[in-house]
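Shown here: query.tsv, TSV, C-alpha atoms.
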```tsv
chain	number	residue	atom	x	y	z
F	1	MET	CA	-6.33	-28.01	-18.15
F	2	ARG	CA	-3.24	-28.59	-20.26
F	3	ILE	CA	-0.39	-26.82	-22.00
F	4	ILE	CA	-1.43	-26.36	-25.62
F	5	THR	CA	1.90	-25.98	-27.38
F	6	GLY	CA	5.60	-25.30	-26.94
F	7	ARG	CA	8.16	-27.20	-24.94
F	8	SER	CA	5.61	-28.43	-22.37
F	9	LYS	CA	2.92	-29.28	-24.95
F	10	GLY	CA	0.27	-31.71	-23.73
F	11	ARG	CA	1.37	-31.62	-20.08
F	12	ARG	CA	-1.47	-31.29	-17.57
F	13	LEU	CA	-1.61	-28.53	-14.97
F	14	SER	CA	-2.75	-29.10	-11.41
F	15	ARG	CA	-5.70	-27.07	-10.19
F	16	PRO	CA	-7.72	-26.89	-6.99
F	17	LYS	CA	-11.07	-28.62	-6.71
F	18	GLY	CA	-14.14	-26.47	-6.11
F	19	HIS	CA	-15.10	-22.96	-7.14
F	20	GLY	CA	-12.45	-20.85	-5.40
F	21	VAL	CA	-10.39	-20.48	-8.59
F	22	ARG	CA	-11.77	-20.13	-12.14
F	23	PRO	CA	-8.96	-21.16	-14.48
F	24	THR	CA	-8.99	-20.00	-18.08
F	25	SER	CA	-10.50	-22.76	-20.21
F	26	ASP	CA	-8.27	-24.46	-22.78
F	27	ARG	CA	-10.53	-23.08	-25.54
F	28	VAL	CA	-10.14	-19.48	-24.38
F	29	LYS	CA	-6.43	-19.90	-23.76
F	30	GLU	CA	-5.92	-21.40	-27.22
F	31	SER	CA	-7.74	-18.44	-28.80
F	32	ILE	CA	-5.59	-15.93	-26.88
F	33	PHE	CA	-2.34	-17.57	-27.90
F	34	ASN	CA	-3.42	-18.21	-31.51
F	35	ILE	CA	-4.03	-14.47	-31.83
F	36	LEU	CA	-0.72	-13.65	-30.13
F	37	GLY	CA	1.14	-16.12	-32.36
F	38	GLU	CA	4.90	-15.65	-32.21
F	39	GLU	CA	4.53	-12.42	-30.24
F	40	VAL	CA	5.22	-14.43	-27.06
F	41	GLU	CA	8.70	-15.70	-27.87
F	42	GLY	CA	11.46	-13.93	-25.94
F	43	LYS	CA	8.99	-11.62	-24.18
F	44	ILE	CA	8.79	-10.64	-20.51
F	45	VAL	CA	5.31	-11.56	-19.32
F	46	LEU	CA	3.21	-10.44	-16.36
F	47	ASP	CA	0.33	-12.72	-15.35
F	48	LEU	CA	-2.07	-10.70	-13.14
F	49	PHE	CA	-4.73	-12.55	-11.11
F	50	ALA	CA	-2.69	-15.61	-12.04
F	51	GLY	CA	-4.87	-18.26	-10.38
F	52	THR	CA	-3.09	-21.55	-11.14
F	53	GLY	CA	-0.59	-19.82	-13.44
F	54	ASN	CA	-2.29	-21.23	-16.54
F	55	LEU	CA	-1.70	-18.24	-18.87
F	56	GLY	CA	1.83	-17.35	-17.75
F	57	ILE	CA	2.92	-21.00	-17.90
F	58	GLU	CA	1.55	-21.29	-21.45
F	59	ALA	CA	3.61	-18.20	-22.34
F	60	LEU	CA	6.76	-19.78	-20.84
F	61	SER	CA	6.10	-23.00	-22.77
F	62	ARG	CA	5.89	-20.91	-25.95
F	63	GLY	CA	9.27	-19.28	-25.40
F	64	ALA	CA	8.67	-16.26	-23.17
F	65	SER	CA	11.97	-15.35	-21.52
F	66	LYS	CA	10.42	-14.61	-18.12
F	67	ALA	CA	7.03	-14.64	-16.41
F	68	ILE	CA	5.98	-13.00	-13.17
F	69	PHE	CA	2.83	-14.35	-11.55
F	70	VAL	CA	0.76	-12.10	-9.27
F	71	GLU	CA	-1.76	-13.87	-7.05
F	72	LYS	CA	-2.87	-13.37	-3.46
F	73	GLY	CA	-4.87	-16.58	-2.84
F	74	ARG	CA	-2.86	-19.01	-0.72
F	75	GLN	CA	-4.28	-22.12	-2.34
F	76	ALA	CA	-3.74	-20.73	-5.84
F	77	LEU	CA	-0.15	-19.79	-4.96
F	78	ARG	CA	0.59	-23.40	-4.01
F	79	PHE	CA	-0.74	-24.57	-7.39
F	80	ILE	CA	1.33	-22.03	-9.34
F	81	GLN	CA	4.47	-23.27	-7.57
F	82	ARG	CA	3.50	-26.91	-8.05
F	83	ASN	CA	2.83	-26.40	-11.78
F	84	LEU	CA	6.10	-24.54	-12.33
F	85	ASN	CA	8.01	-27.28	-10.48
F	86	GLN	CA	6.31	-30.11	-12.40
F	87	LEU	CA	7.18	-28.50	-15.72
F	88	GLY	CA	10.68	-27.40	-14.76
F	89	LEU	CA	9.89	-23.74	-15.40
F	90	GLU	CA	10.97	-22.27	-12.04
F	91	ASP	CA	14.09	-20.59	-13.43
F	92	GLY	CA	12.24	-18.24	-15.77
F	93	SER	CA	9.58	-17.27	-13.28
F	94	GLU	CA	8.78	-15.35	-10.13
F	95	ILE	CA	5.67	-15.49	-7.95
F	96	ILE	CA	4.51	-12.35	-6.14
F	97	PRO	CA	2.04	-13.24	-3.36
F	98	LYS	CA	0.27	-9.88	-3.20
F	99	ASP	CA	-2.87	-8.03	-4.16
F	100	VAL	CA	-2.60	-6.87	-7.80
F	101	ASN	CA	-2.63	-3.13	-6.97
F	102	ARG	CA	0.18	-3.49	-4.44
F	103	ALA	CA	2.17	-5.73	-6.76
F	104	ILE	CA	1.96	-3.22	-9.65
F	105	GLY	CA	3.28	-0.47	-7.35
F	106	MET	CA	6.12	-2.74	-6.20
F	107	LEU	CA	7.02	-3.71	-9.79
F	108	LYS	CA	7.11	-0.02	-10.78
F	109	GLN	CA	9.47	0.71	-7.86
F	110	ARG	CA	11.72	-2.13	-9.05
F	111	GLY	CA	11.84	-0.59	-12.54
F	112	GLU	CA	10.22	-3.60	-14.22
F	113	SER	CA	8.77	-3.33	-17.72
F	114	PHE	CA	6.65	-6.00	-19.42
F	115	ASP	CA	6.14	-6.77	-23.09
F	116	LEU	CA	2.94	-8.75	-22.49
F	117	ILE	CA	0.49	-8.35	-19.59
F	118	LEU	CA	-2.11	-11.08	-19.19
F	119	MET	CA	-5.06	-10.28	-16.96
F	120	ASP	CA	-7.86	-12.64	-15.89
F	121	PRO	CA	-9.57	-10.96	-12.91
F	122	PRO	CA	-12.60	-12.38	-11.09
F	123	TYR	CA	-15.63	-11.73	-13.28
F	124	GLY	CA	-18.04	-8.92	-12.44
F	125	LYS	CA	-16.09	-7.40	-9.54
F	126	GLY	CA	-14.90	-4.15	-11.16
F	127	TRP	CA	-11.26	-5.27	-11.27
F	128	VAL	CA	-10.81	-4.41	-14.95
F	129	LYS	CA	-11.27	-0.65	-14.40
F	130	LYS	CA	-9.32	-0.63	-11.10
F	131	THR	CA	-6.36	-2.42	-12.68
F	132	LEU	CA	-6.33	-0.24	-15.80
F	133	THR	CA	-6.27	2.83	-13.53
F	134	LYS	CA	-3.37	1.40	-11.51
F	135	LEU	CA	-1.41	0.48	-14.64
F	136	ASN	CA	-1.92	3.98	-16.02
F	137	SER	CA	-0.57	5.62	-12.86
F	138	HIS	CA	2.26	3.06	-12.52
F	139	PRO	CA	3.28	2.22	-16.12
F	140	ILE	CA	5.23	-1.02	-16.14
F	141	TYR	CA	5.11	-1.36	-19.91
F	142	GLY	CA	6.61	0.20	-23.03
F	143	LYS	CA	5.23	1.64	-26.25
F	144	ASP	CA	5.11	-1.80	-27.94
F	145	SER	CA	3.57	-3.69	-25.03
F	146	LEU	CA	0.31	-5.59	-25.26
F	147	LEU	CA	-2.37	-6.07	-22.59
F	148	VAL	CA	-4.75	-9.03	-22.88
F	149	ILE	CA	-7.83	-9.02	-20.63
F	150	GLU	CA	-10.15	-11.97	-20.20
F	151	HIS	CA	-13.50	-10.79	-18.83
F	152	ASP	CA	-17.19	-11.58	-18.75
F	153	ARG	CA	-18.93	-10.39	-21.93
F	154	ARG	CA	-21.45	-8.51	-19.73
F	155	GLU	CA	-18.63	-6.59	-18.04
F	156	TYR	CA	-17.86	-3.98	-20.66
F	157	LEU	CA	-14.54	-2.25	-20.78
F	158	PRO	CA	-14.76	1.26	-19.32
F	159	GLN	CA	-15.27	4.09	-21.82
F	160	ASP	CA	-12.07	5.69	-20.58
F	161	LEU	CA	-9.47	2.96	-21.00
F	162	GLU	CA	-6.97	4.77	-18.76
F	163	GLY	CA	-4.14	5.15	-21.26
F	164	TRP	CA	-4.90	2.09	-23.40
F	165	ALA	CA	-6.43	1.66	-26.87
F	166	LEU	CA	-8.55	-1.37	-27.76
F	167	ILE	CA	-7.30	-3.05	-30.94
F	168	ARG	CA	-9.22	-6.35	-31.00
F	169	GLN	CA	-11.89	-8.36	-29.18
F	170	LYS	CA	-12.97	-11.97	-29.46
F	171	LYS	CA	-16.07	-13.49	-27.86
F	172	ILE	CA	-16.11	-17.12	-26.74
F	173	GLY	CA	-19.32	-18.10	-24.98
F	174	ASP	CA	-19.68	-15.82	-21.95
F	175	THR	CA	-16.04	-14.72	-22.16
F	176	LEU	CA	-14.69	-11.70	-23.99
F	177	ILE	CA	-10.98	-11.39	-24.73
F	178	SER	CA	-9.83	-7.80	-25.21
F	179	PHE	CA	-6.44	-6.88	-26.69
F	180	LEU	CA	-5.13	-3.41	-25.86
F	181	ILE	CA	-2.01	-1.40	-26.62
F	182	PRO	CA	-0.71	1.66	-24.76
F	183	HIS	CA	-2.26	4.89	-25.98
F	184	ARG	CA	0.60	6.91	-27.48
F	185	ASP	CA	-0.28	10.04	-25.48
F	186	SER	CA	-0.03	8.22	-22.14
F	187	ILE	CA	3.44	6.92	-23.04
F	188	LEU	CA	4.57	10.39	-24.16
F	189	ASN	CA	3.39	11.83	-20.87
F	190	GLU	CA	5.52	9.29	-19.04
F	191	GLY	CA	8.58	10.30	-21.09
F	192	ASN	CA	9.20	6.79	-22.39
F	193	VAL	CA	9.06	7.85	-26.05
F	194	LYS	CA	10.69	10.82	-27.66
F	195	SER	CA	8.34	12.89	-29.83
```
File written out as structure tokens:
Amino acid sequence: MRIITGRSKGRRLSRPKGHGVRPTSDRVKESIFNILGEEVEGKIVLDLFAGTGNLGIEALSRGASKAIFVEKGRQALRFIQRNLNQLGLEDGSEIIPKDVNRAIGMLKQRGESFDLILMDPPYGKGWVKKTLTKLNSHPIYGKDSLLVIEHDRREYLPQDLEGWALIRQKKIGDTLISFLIPHRDSILNEGNVKS
């Protein structure tokens, strides 16, 4: 597991041994960031189900201005901190050691808004729908934000995307990467955009 490009290019990330954490493979991560291109630079990024911090750290390496990592696993939290320290990326980051639903509520209370939300939940556990529902009721994004979900290809996105519109998908082996943007109507309802 390594940083693919940017200021930390080629540096290796630490990760726990065993099956407790399933980090995004370099191949999947490279596909995500090739599609995003320069969309990452200067952006405020939220890494949900952060695991070792692999996706958010790649975003920081590519010029994101800030990344917040949400993870509740104690072992994974230690690896996020270790990786940020090793790469000297602590200043542009924050780790929230909470369940994703609680963290989204807290971030909404703080008035946070993210340009890019990266989401890699445990496969096959129903977290995609639950998290979309929470994001819809607690919008921490703007009209130009982008949500990237890494999920098992057998775990289809729900028919009702809870305020999001699917704009692109890419399949890599058993993994499906879905790119979504806020549905205009859901943003209008929130009052974030003038009609």
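Candidate residues F:Asn101, F:Ser145, F:Lys29, F:Thr175 were compared for distance to Val45 in chain F, and the nearest is F:Ser145, using only C-alpha atoms.
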Any idea what's packed within 8 Å of range 53-58 of chain F, counting all atoms listed in the file, ignoring anything in its chain fewer than 5 positions away? Could you give it as JSON, numbers by chain?
{"F": [3, 4, 5, 6, 13, 23, 24, 29, 45, 46, 47, 67, 68, 69, 79, 80, 83, 84, 89, 118]}
I'd like the box whose edges run along x, y and z of the file and which contains every listed atom of range 72-82 of chain F, padded by 3 Å per side; could you state its centre and edge lengths in Å, one decimal, as JSON?
```
{"center_x": -0.2, "center_y": -20.1, "center_z": -5.0, "size_x": 15.3, "size_y": 19.5, "size_z": 14.6}
```
Between CA of Leu48 in chain F and CA of Glu30 in chain F, measure the distance and give it in Å to one decimal.
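We find that CA of Leu48 in chain F and CA of Glu30 in chain F lie 18.1 Å from each other.
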Please list, as number ranges by chain, the residues that have an atom at most 8 Å away from (-6.3, -9.5, -25.2) in the coordinates of this file, counting all atoms listed in the file.
F: 32, 118, 146-150, 168-169, 177-180
With all atoms listed in the file as the basis for distance, which of F:Ile96, F:Leu77, F:Ile117, F:Leu176 is at the shortest distance from Val40 in chain F?
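Looking at the shortest contact to Val40 in chain F, the residue is F:Ile117.
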Please indicate the distance in Å from CA of Ala103 in chain F to CA of Tyr141 in chain F, rounded to one decimal place.
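Straight-line distance from CA of Ala103 in chain F to CA of Tyr141 in chain F works out to 14.2 Å.
Across the structure, CA of Gly105 in chain F and CA of Gly73 in chain F are spaced 18.6 Å apart.
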Nearest to Met119 in chain F: which of F:His151, F:Arg11, F:Lys72, F:Arg102 is it, counting only C-alpha atoms?
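Closest residue, counting only C-alpha atoms: F:His151.
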Need the shell around Asp91 in chain F: protein/DNA/RNA residues with any atom at most 12 Å away, counting only C-alpha atoms. Skip same-chain ones fewer than 2 positions apart. Format as a PyMOL selection string?
chain F and resi 60+64-68+81+84-85+87-89+93-95
Given only C-alpha atoms as the basis, pick out the residue of F:Phe114, F:Phe33, F:Trp164, F:Tyr156 nearest to Ser137 in chain F.
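Of all the options, F:Trp164 lies closest to Ser137 in chain F.
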Near range 170-174 of chain F, 10 Å: range 26-135 of chain F residue rows, closest pairs, only C-alpha atoms, as a tab-separated table:
```
residue	atom	partner	partner_atom	distance
F:Arg27	CA	F:Ile172	CA	8.3
F:Val28	CA	F:Ile172	CA	6.8
F:Ser31	CA	F:Lys170	CA	8.3
F:Ile32	CA	F:Lys170	CA	8.8
F:Ile35	CA	F:Lys170	CA	9.6
```
Residue contacts of Ile140 in chain F (12 Å, only C-alpha atoms) excluding same-chain residues fewer than 2 positions away, as an NGL selection string
:F and (44-46 or 103-117 or 132 or 134-138 or 142-147 or 182 or 187 or 190 or 192)
Could you tell me which of F:Gly51, F:Pro97, F:Gly42, F:Gly92 comes closest to Asp120 in chain F if we count all atoms listed in the file?
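Nearest to Asp120 in chain F: F:Gly51.
Nearest to Arg78 in chain F of all the residues F:Leu161, F:Val100, F:Ile167, F:Ala50 is F:Ala50, counting only C-alpha atoms.
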For range 78-101 of chain F, supply N, CA and C atoms and report the output as a PDB file, keeping the file's coordinate frame.
```
ATOM      1  N   ARG F  78       0.006 -22.053  -4.102  1.00  0.00           N
ATOM      2  CA  ARG F  78       0.590 -23.400  -4.010  1.00  0.00           C
ATOM      3  C   ARG F  78       0.512 -24.109  -5.370  1.00  0.00           C
ATOM      4  N   PHE F  79      -0.589 -23.905  -6.096  1.00  0.00           N
ATOM      5  CA  PHE F  79      -0.740 -24.570  -7.390  1.00  0.00           C
ATOM      6  C   PHE F  79       0.168 -23.949  -8.443  1.00  0.00           C
ATOM      7  N   ILE F  80       0.376 -22.647  -8.399  1.00  0.00           N
ATOM      8  CA  ILE F  80       1.330 -22.030  -9.340  1.00  0.00           C
ATOM      9  C   ILE F  80       2.705 -22.656  -9.130  1.00  0.00           C
ATOM     10  N   GLN F  81       3.142 -22.709  -7.868  1.00  0.00           N
ATOM     11  CA  GLN F  81       4.470 -23.270  -7.570  1.00  0.00           C
ATOM     12  C   GLN F  81       4.551 -24.730  -7.992  1.00  0.00           C
ATOM     13  N   ARG F  82       3.511 -25.491  -7.690  1.00  0.00           N
ATOM     14  CA  ARG F  82       3.500 -26.910  -8.050  1.00  0.00           C
ATOM     15  C   ARG F  82       3.585 -27.081  -9.573  1.00  0.00           C
ATOM     16  N   ASN F  83       2.814 -26.289 -10.315  1.00  0.00           N
ATOM     17  CA  ASN F  83       2.830 -26.400 -11.780  1.00  0.00           C
ATOM     18  C   ASN F  83       4.187 -26.013 -12.362  1.00  0.00           C
ATOM     19  N   LEU F  84       4.777 -24.945 -11.857  1.00  0.00           N
ATOM     20  CA  LEU F  84       6.100 -24.540 -12.330  1.00  0.00           C
ATOM     21  C   LEU F  84       7.134 -25.628 -12.044  1.00  0.00           C
ATOM     22  N   ASN F  85       7.067 -26.214 -10.851  1.00  0.00           N
ATOM     23  CA  ASN F  85       8.010 -27.280 -10.480  1.00  0.00           C
ATOM     24  C   ASN F  85       7.829 -28.510 -11.367  1.00  0.00           C
ATOM     25  N   GLN F  86       6.580 -28.916 -11.580  1.00  0.00           N
ATOM     26  CA  GLN F  86       6.310 -30.110 -12.400  1.00  0.00           C
ATOM     27  C   GLN F  86       6.824 -29.964 -13.818  1.00  0.00           C
ATOM     28  N   LEU F  87       6.773 -28.736 -14.337  1.00  0.00           N
ATOM     29  CA  LEU F  87       7.180 -28.500 -15.720  1.00  0.00           C
ATOM     30  C   LEU F  87       8.623 -28.022 -15.851  1.00  0.00           C
ATOM     31  N   GLY F  88       9.300 -27.859 -14.728  1.00  0.00           N
ATOM     32  CA  GLY F  88      10.680 -27.400 -14.760  1.00  0.00           C
ATOM     33  C   GLY F  88      10.835 -25.975 -15.252  1.00  0.00           C
ATOM     34  N   LEU F  89       9.880 -25.121 -14.911  1.00  0.00           N
ATOM     35  CA  LEU F  89       9.890 -23.740 -15.400  1.00  0.00           C
ATOM     36  C   LEU F  89      10.203 -22.720 -14.291  1.00  0.00           C
ATOM     37  N   GLU F  90      10.722 -23.178 -13.169  1.00  0.00           N
ATOM     38  CA  GLU F  90      10.970 -22.270 -12.040  1.00  0.00           C
ATOM     39  C   GLU F  90      11.992 -21.191 -12.365  1.00  0.00           C
ATOM     40  N   ASP F  91      13.000 -21.529 -13.174  1.00  0.00           N
ATOM     41  CA  ASP F  91      14.090 -20.590 -13.430  1.00  0.00           C
ATOM     42  C   ASP F  91      13.630 -19.315 -14.125  1.00  0.00           C
ATOM     43  N   GLY F  92      12.674 -19.422 -15.026  1.00  0.00           N
ATOM     44  CA  GLY F  92      12.240 -18.240 -15.770  1.00  0.00           C
ATOM     45  C   GLY F  92      11.031 -17.566 -15.160  1.00  0.00           C
ATOM     46  N   SER F  93      10.809 -17.804 -13.860  1.00  0.00           N
ATOM     47  CA  SER F  93       9.580 -17.270 -13.280  1.00  0.00           C
ATOM     48  C   SER F  93       9.787 -16.712 -11.879  1.00  0.00           C
ATOM     49  N   GLU F  94       8.810 -15.901 -11.486  1.00  0.00           N
ATOM     50  CA  GLU F  94       8.780 -15.350 -10.130  1.00  0.00           C
ATOM     51  C   GLU F  94       7.311 -15.249  -9.716  1.00  0.00           C
ATOM     52  N   ILE F  95       7.032 -15.589  -8.475  1.00  0.00           N
ATOM     53  CA  ILE F  95       5.670 -15.490  -7.950  1.00  0.00           C
ATOM     54  C   ILE F  95       5.636 -14.356  -6.932  1.00  0.00           C
ATOM     55  N   ILE F  96       4.683 -13.449  -7.097  1.00  0.00           N
ATOM     56  CA  ILE F  96       4.510 -12.350  -6.140  1.00  0.00           C
ATOM     57  C   ILE F  96       3.188 -12.569  -5.412  1.00  0.00           C
ATOM     58  N   PRO F  97       3.259 -12.925  -4.118  1.00  0.00           N
ATOM     59  CA  PRO F  97       2.040 -13.240  -3.360  1.00  0.00           C
ATOM     60  C   PRO F  97       1.386 -11.995  -2.773  1.00  0.00           C
ATOM     61  N   LYS F  98       0.849 -11.150  -3.651  1.00  0.00           N
ATOM     62  CA  LYS F  98       0.270  -9.880  -3.200  1.00  0.00           C
ATOM     63  C   LYS F  98      -1.000  -9.578  -3.989  1.00  0.00           C
ATOM     64  N   ASP F  99      -1.756  -8.640  -3.454  1.00  0.00           N
ATOM     65  CA  ASP F  99      -2.870  -8.030  -4.160  1.00  0.00           C
ATOM     66  C   ASP F  99      -2.313  -7.358  -5.420  1.00  0.00           C
ATOM     67  N   VAL F 100      -3.068  -7.396  -6.517  1.00  0.00           N
ATOM     68  CA  VAL F 100      -2.600  -6.870  -7.800  1.00  0.00           C
ATOM     69  C   VAL F 100      -2.184  -5.403  -7.719  1.00  0.00           C
ATOM     70  N   ASN F 101      -2.981  -4.557  -7.059  1.00  0.00           N
ATOM     71  CA  ASN F 101      -2.630  -3.130  -6.970  1.00  0.00           C
ATOM     72  C   ASN F 101      -1.303  -2.913  -6.261  1.00  0.00           C
TER      73      ASN F 101
END
```
